[in-house]
Amino acid sequence: MKNSVPNPPLLACSVSATISTGFTAKTATGKPARLAIIDEAGNVIEAGPSVAWAAWRVCIEAQENFWQGQGHLVVHAGPPTEQQAADKAA
């Protein structure tokens with residue numbers, strides 16, 4: 001599976017992950033960095049530990065779905081939708 005996805009070189013930072021710490025980002029000089037969601041215009045929409053943990057959870061859930069033979073399922077993280085709120089209230 002690792003060979004089926006791109007593996008682009010990162011020139012200015014590094015990203016690592018462990019099961020207990022999730023994603024960790026560092027600058028090229030080894031200083032701590034944060035993961036962020038950036039829109040097309042370059043605006044930071046959200047940044048910090050919550051972004052890293054949301055991304056980590058999506059990755060873990062997608063991997064678990066793949067292991068269960070449910071690779072066709074899409075995993076999302078984000079604010080609750082109106083439908084999710086209605087389902088929870090029911």
# chains A, B, ... in the order shown; residues from 1 in each chain; ligands from 1
call {"tool": "residues_around", "arguments": {"residues": "Thr27 of chain A", "least_positions_apart": "2", "cutoff": "10 Å", "atoms": "only C-alpha atoms", "output": "compact mmCIF listing (two decimals) with N, CA and C atoms, in the first residue's frame"}}
result
# COMPACT_ATOMS: atom_id res chain seq x y z
N LEU A 11 11.20 19.69 1.72
CA LEU A 11 12.49 20.38 1.76
C LEU A 11 12.64 21.30 2.97
N ALA A 12 11.52 21.80 3.53
CA ALA A 12 11.60 22.78 4.60
C ALA A 12 11.07 22.26 5.94
N CYS A 13 10.63 21.00 5.98
CA CYS A 13 10.07 20.47 7.22
C CYS A 13 10.09 18.96 7.19
N SER A 14 9.69 18.37 8.30
CA SER A 14 9.52 16.92 8.36
C SER A 14 8.24 16.61 9.13
N VAL A 15 7.63 15.50 8.79
CA VAL A 15 6.43 15.04 9.48
C VAL A 15 6.69 13.60 9.89
N ALA A 25 5.27 17.57 13.59
CA ALA A 25 5.91 18.32 12.51
C ALA A 25 7.08 19.11 13.08
N THR A 29 15.28 22.77 10.61
CA THR A 29 16.31 22.88 11.65
C THR A 29 15.95 22.11 12.92
N GLY A 30 14.80 21.41 12.90
CA GLY A 30 14.42 20.59 14.05
C GLY A 30 13.53 21.27 15.07
N LYS A 31 13.14 22.53 14.81
CA LYS A 31 12.25 23.23 15.75
C LYS A 31 10.82 22.75 15.56
N PRO A 32 10.02 22.75 16.62
CA PRO A 32 8.63 22.32 16.51
C PRO A 32 7.85 23.15 15.51
N ALA A 33 6.94 22.51 14.78
CA ALA A 33 6.06 23.19 13.84
C ALA A 33 4.64 22.69 14.07
N ARG A 34 3.67 23.38 13.48
CA ARG A 34 2.26 22.99 13.65
C ARG A 34 1.66 22.63 12.31
call {"tool": "closest_residue", "arguments": {"among": "A:Pro8, A:Gly22, A:Gly69, A:Pro79", "to": "Pro49 of chain A", "atoms": "only C-alpha atoms"}}
result
A:Gly22
call {"tool": "residues_around", "arguments": {"residues": "Ala55 of chain A", "least_positions_apart": "5", "cutoff": "9 Å", "atoms": "only C-alpha atoms", "output": "ChimeraX atom specification"}}
result
/A:22-23,50,60,77
call {"tool": "write_last_selection", "arguments": {"atoms": "C-alpha atoms", "output": "PDB file, in the first residue's frame"}}
result
ATOM      1  CA  GLY A  22      -0.012  11.140  16.341  1.00  0.00           C
ATOM      2  CA  PHE A  23       1.550  13.508  13.817  1.00  0.00           C
ATOM      3  CA  SER A  50      -6.509  19.987  17.048  1.00  0.00           C
ATOM      4  CA  ILE A  60      -6.345   5.774  11.662  1.00  0.00           C
ATOM      5  CA  ALA A  77     -13.336  15.200  10.434  1.00  0.00           C
TER       6      ALA A  77
END
call {"tool": "closest_residue", "arguments": {"among": "A:Val58, A:Ser16, A:Asn7, A:Gly78", "to": "Glu46 of chain A", "atoms": "only C-alpha atoms"}}
result
A:Gly78
call {"tool": "decode", "arguments": {"residues": "segment 13-59 of chain A", "atoms": "N, CA and C atoms", "output": "mmCIF file, in the first residue's frame"}}
result
data_model
loop_
_atom_site.group_PDB
_atom_site.id
_atom_site.type_symbol
_atom_site.label_atom_id
_atom_site.label_comp_id
_atom_site.auth_asym_id
_atom_site.auth_seq_id
_atom_site.Cartn_x
_atom_site.Cartn_y
_atom_site.Cartn_z
ATOM 1 N N CYS A 13 10.633 20.998 5.979
ATOM 2 C CA CYS A 13 10.075 20.474 7.222
ATOM 3 C C CYS A 13 10.093 18.958 7.186
ATOM 4 N N SER A 14 9.691 18.366 8.304
ATOM 5 C CA SER A 14 9.519 16.919 8.363
ATOM 6 C C SER A 14 8.243 16.615 9.134
ATOM 7 N N VAL A 15 7.628 15.503 8.789
ATOM 8 C CA VAL A 15 6.431 15.039 9.485
ATOM 9 C C VAL A 15 6.689 13.602 9.894
ATOM 10 N N SER A 16 6.415 13.293 11.146
ATOM 11 C CA SER A 16 6.548 11.921 11.626
ATOM 12 C C SER A 16 5.293 11.563 12.397
ATOM 13 N N ALA A 17 5.164 10.285 12.715
ATOM 14 C CA ALA A 17 3.984 9.846 13.453
ATOM 15 C C ALA A 17 4.297 8.599 14.249
ATOM 16 N N THR A 18 3.686 8.504 15.415
ATOM 17 C CA THR A 18 3.684 7.283 16.199
ATOM 18 C C THR A 18 2.256 7.072 16.676
ATOM 19 N N ILE A 19 1.945 5.870 17.065
ATOM 20 C CA ILE A 19 0.590 5.570 17.491
ATOM 21 C C ILE A 19 0.202 6.338 18.751
ATOM 22 N N SER A 20 1.174 6.660 19.619
ATOM 23 C CA SER A 20 0.850 7.342 20.868
ATOM 24 C C SER A 20 0.912 8.860 20.781
ATOM 25 N N THR A 21 1.630 9.410 19.790
ATOM 26 C CA THR A 21 1.750 10.867 19.700
ATOM 27 C C THR A 21 1.060 11.451 18.482
ATOM 28 N N GLY A 22 0.597 10.614 17.564
ATOM 29 C CA GLY A 22 -0.012 11.140 16.341
ATOM 30 C C GLY A 22 1.041 11.805 15.475
ATOM 31 N N PHE A 23 0.625 12.802 14.694
ATOM 32 C CA PHE A 23 1.550 13.508 13.817
ATOM 33 C C PHE A 23 2.413 14.485 14.605
ATOM 34 N N THR A 24 3.667 14.585 14.237
ATOM 35 C CA THR A 24 4.587 15.580 14.779
ATOM 36 C C THR A 24 5.259 16.253 13.592
ATOM 37 N N ALA A 25 5.265 17.567 13.586
ATOM 38 C CA ALA A 25 5.908 18.320 12.513
ATOM 39 C C ALA A 25 7.077 19.114 13.083
ATOM 40 N N LYS A 26 8.147 19.210 12.285
ATOM 41 C CA LYS A 26 9.331 19.983 12.674
ATOM 42 C C LYS A 26 9.841 20.759 11.470
ATOM 43 N N THR A 27 10.498 21.875 11.742
ATOM 44 C CA THR A 27 11.136 22.638 10.678
ATOM 45 C C THR A 27 12.390 21.898 10.225
ATOM 46 N N ALA A 28 12.994 22.373 9.165
ATOM 47 C CA ALA A 28 14.220 21.749 8.663
ATOM 48 C C ALA A 28 15.346 21.801 9.697
ATOM 49 N N THR A 29 15.281 22.767 10.609
ATOM 50 C CA THR A 29 16.305 22.883 11.651
ATOM 51 C C THR A 29 15.945 22.115 12.916
ATOM 52 N N GLY A 30 14.803 21.407 12.901
ATOM 53 C CA GLY A 30 14.415 20.589 14.049
ATOM 54 C C GLY A 30 13.532 21.274 15.068
ATOM 55 N N LYS A 31 13.145 22.530 14.811
ATOM 56 C CA LYS A 31 12.254 23.235 15.746
ATOM 57 C C LYS A 31 10.825 22.746 15.557
ATOM 58 N N PRO A 32 10.017 22.754 16.621
ATOM 59 C CA PRO A 32 8.625 22.316 16.510
ATOM 60 C C PRO A 32 7.850 23.151 15.507
ATOM 61 N N ALA A 33 6.943 22.512 14.781
ATOM 62 C CA ALA A 33 6.060 23.192 13.835
ATOM 63 C C ALA A 33 4.638 22.691 14.072
ATOM 64 N N ARG A 34 3.668 23.377 13.480
ATOM 65 C CA ARG A 34 2.264 22.993 13.646
ATOM 66 C C ARG A 34 1.660 22.634 12.311
ATOM 67 N N LEU A 35 0.734 21.704 12.306
ATOM 68 C CA LEU A 35 -0.025 21.407 11.108
ATOM 69 C C LEU A 35 -1.158 22.409 10.997
ATOM 70 N N ALA A 36 -1.529 22.740 9.750
ATOM 71 C CA ALA A 36 -2.579 23.724 9.514
ATOM 72 C C ALA A 36 -3.393 23.337 8.294
ATOM 73 N N ILE A 37 -4.607 23.856 8.238
ATOM 74 C CA ILE A 37 -5.456 23.777 7.060
ATOM 75 C C ILE A 37 -5.417 25.159 6.431
ATOM 76 N N ILE A 38 -5.032 25.211 5.151
ATOM 77 C CA ILE A 38 -4.857 26.487 4.451
ATOM 78 C C ILE A 38 -5.737 26.465 3.200
ATOM 79 N N ASP A 39 -6.496 27.545 2.977
ATOM 80 C CA ASP A 39 -7.370 27.570 1.803
ATOM 81 C C ASP A 39 -6.594 27.955 0.549
ATOM 82 N N GLU A 40 -7.301 27.992 -0.582
ATOM 83 C CA GLU A 40 -6.668 28.280 -1.870
ATOM 84 C C GLU A 40 -5.936 29.620 -1.897
ATOM 85 N N ALA A 41 -6.423 30.585 -1.124
ATOM 86 C CA ALA A 41 -5.830 31.926 -1.108
ATOM 87 C C ALA A 41 -4.662 32.031 -0.139
ATOM 88 N N GLY A 42 -4.350 30.943 0.562
ATOM 89 C CA GLY A 42 -3.248 30.966 1.515
ATOM 90 C C GLY A 42 -3.635 31.380 2.920
ATOM 91 N N ASN A 43 -4.930 31.500 3.181
ATOM 92 C CA ASN A 43 -5.402 31.854 4.523
ATOM 93 C C ASN A 43 -5.385 30.626 5.419
ATOM 94 N N VAL A 44 -4.868 30.786 6.628
ATOM 95 C CA VAL A 44 -4.881 29.698 7.601
ATOM 96 C C VAL A 44 -6.291 29.613 8.171
ATOM 97 N N ILE A 45 -6.951 28.492 7.933
ATOM 98 C CA ILE A 45 -8.323 28.283 8.406
ATOM 99 C C ILE A 45 -8.310 27.791 9.846
ATOM 100 N N GLU A 46 -7.409 26.865 10.129
ATOM 101 C CA GLU A 46 -7.257 26.330 11.485
ATOM 102 C C GLU A 46 -5.859 25.735 11.586
ATOM 103 N N ALA A 47 -5.271 25.830 12.777
ATOM 104 C CA ALA A 47 -3.913 25.314 12.965
ATOM 105 C C ALA A 47 -3.740 24.825 14.394
ATOM 106 N N GLY A 48 -2.746 23.981 14.572
ATOM 107 C CA GLY A 48 -2.386 23.554 15.915
ATOM 108 C C GLY A 48 -2.680 22.098 16.203
ATOM 109 N N PRO A 49 -2.625 21.747 17.478
ATOM 110 C CA PRO A 49 -2.802 20.348 17.880
ATOM 111 C C PRO A 49 -4.138 19.752 17.448
ATOM 112 N N SER A 50 -5.211 20.549 17.433
ATOM 113 C CA SER A 50 -6.509 19.987 17.048
ATOM 114 C C SER A 50 -6.494 19.548 15.589
ATOM 115 N N VAL A 51 -5.792 20.269 14.721
ATOM 116 C CA VAL A 51 -5.682 19.883 13.317
ATOM 117 C C VAL A 51 -4.884 18.593 13.195
ATOM 118 N N ALA A 52 -3.778 18.523 13.920
ATOM 119 C CA ALA A 52 -2.941 17.318 13.866
ATOM 120 C C ALA A 52 -3.708 16.102 14.357
ATOM 121 N N TRP A 53 -4.463 16.239 15.455
ATOM 122 C CA TRP A 53 -5.209 15.092 15.980
ATOM 123 C C TRP A 53 -6.382 14.718 15.080
ATOM 124 N N ALA A 54 -7.043 15.715 14.469
ATOM 125 C CA ALA A 54 -8.133 15.404 13.540
ATOM 126 C C ALA A 54 -7.590 14.643 12.328
ATOM 127 N N ALA A 55 -6.459 15.089 11.793
ATOM 128 C CA ALA A 55 -5.839 14.409 10.657
ATOM 129 C C ALA A 55 -5.411 13.001 11.049
ATOM 130 N N TRP A 56 -4.849 12.858 12.235
ATOM 131 C CA TRP A 56 -4.405 11.540 12.706
ATOM 132 C C TRP A 56 -5.593 10.599 12.836
ATOM 133 N N ARG A 57 -6.679 11.084 13.413
ATOM 134 C CA ARG A 57 -7.858 10.234 13.594
ATOM 135 C C ARG A 57 -8.420 9.783 12.246
ATOM 136 N N VAL A 58 -8.484 10.691 11.277
ATOM 137 C CA VAL A 58 -8.965 10.330 9.944
ATOM 138 C C VAL A 58 -8.073 9.254 9.337
ATOM 139 N N CYS A 59 -6.755 9.395 9.489
ATOM 140 C CA CYS A 59 -5.833 8.393 8.949
ATOM 141 C C CYS A 59 -6.031 7.037 9.612
#
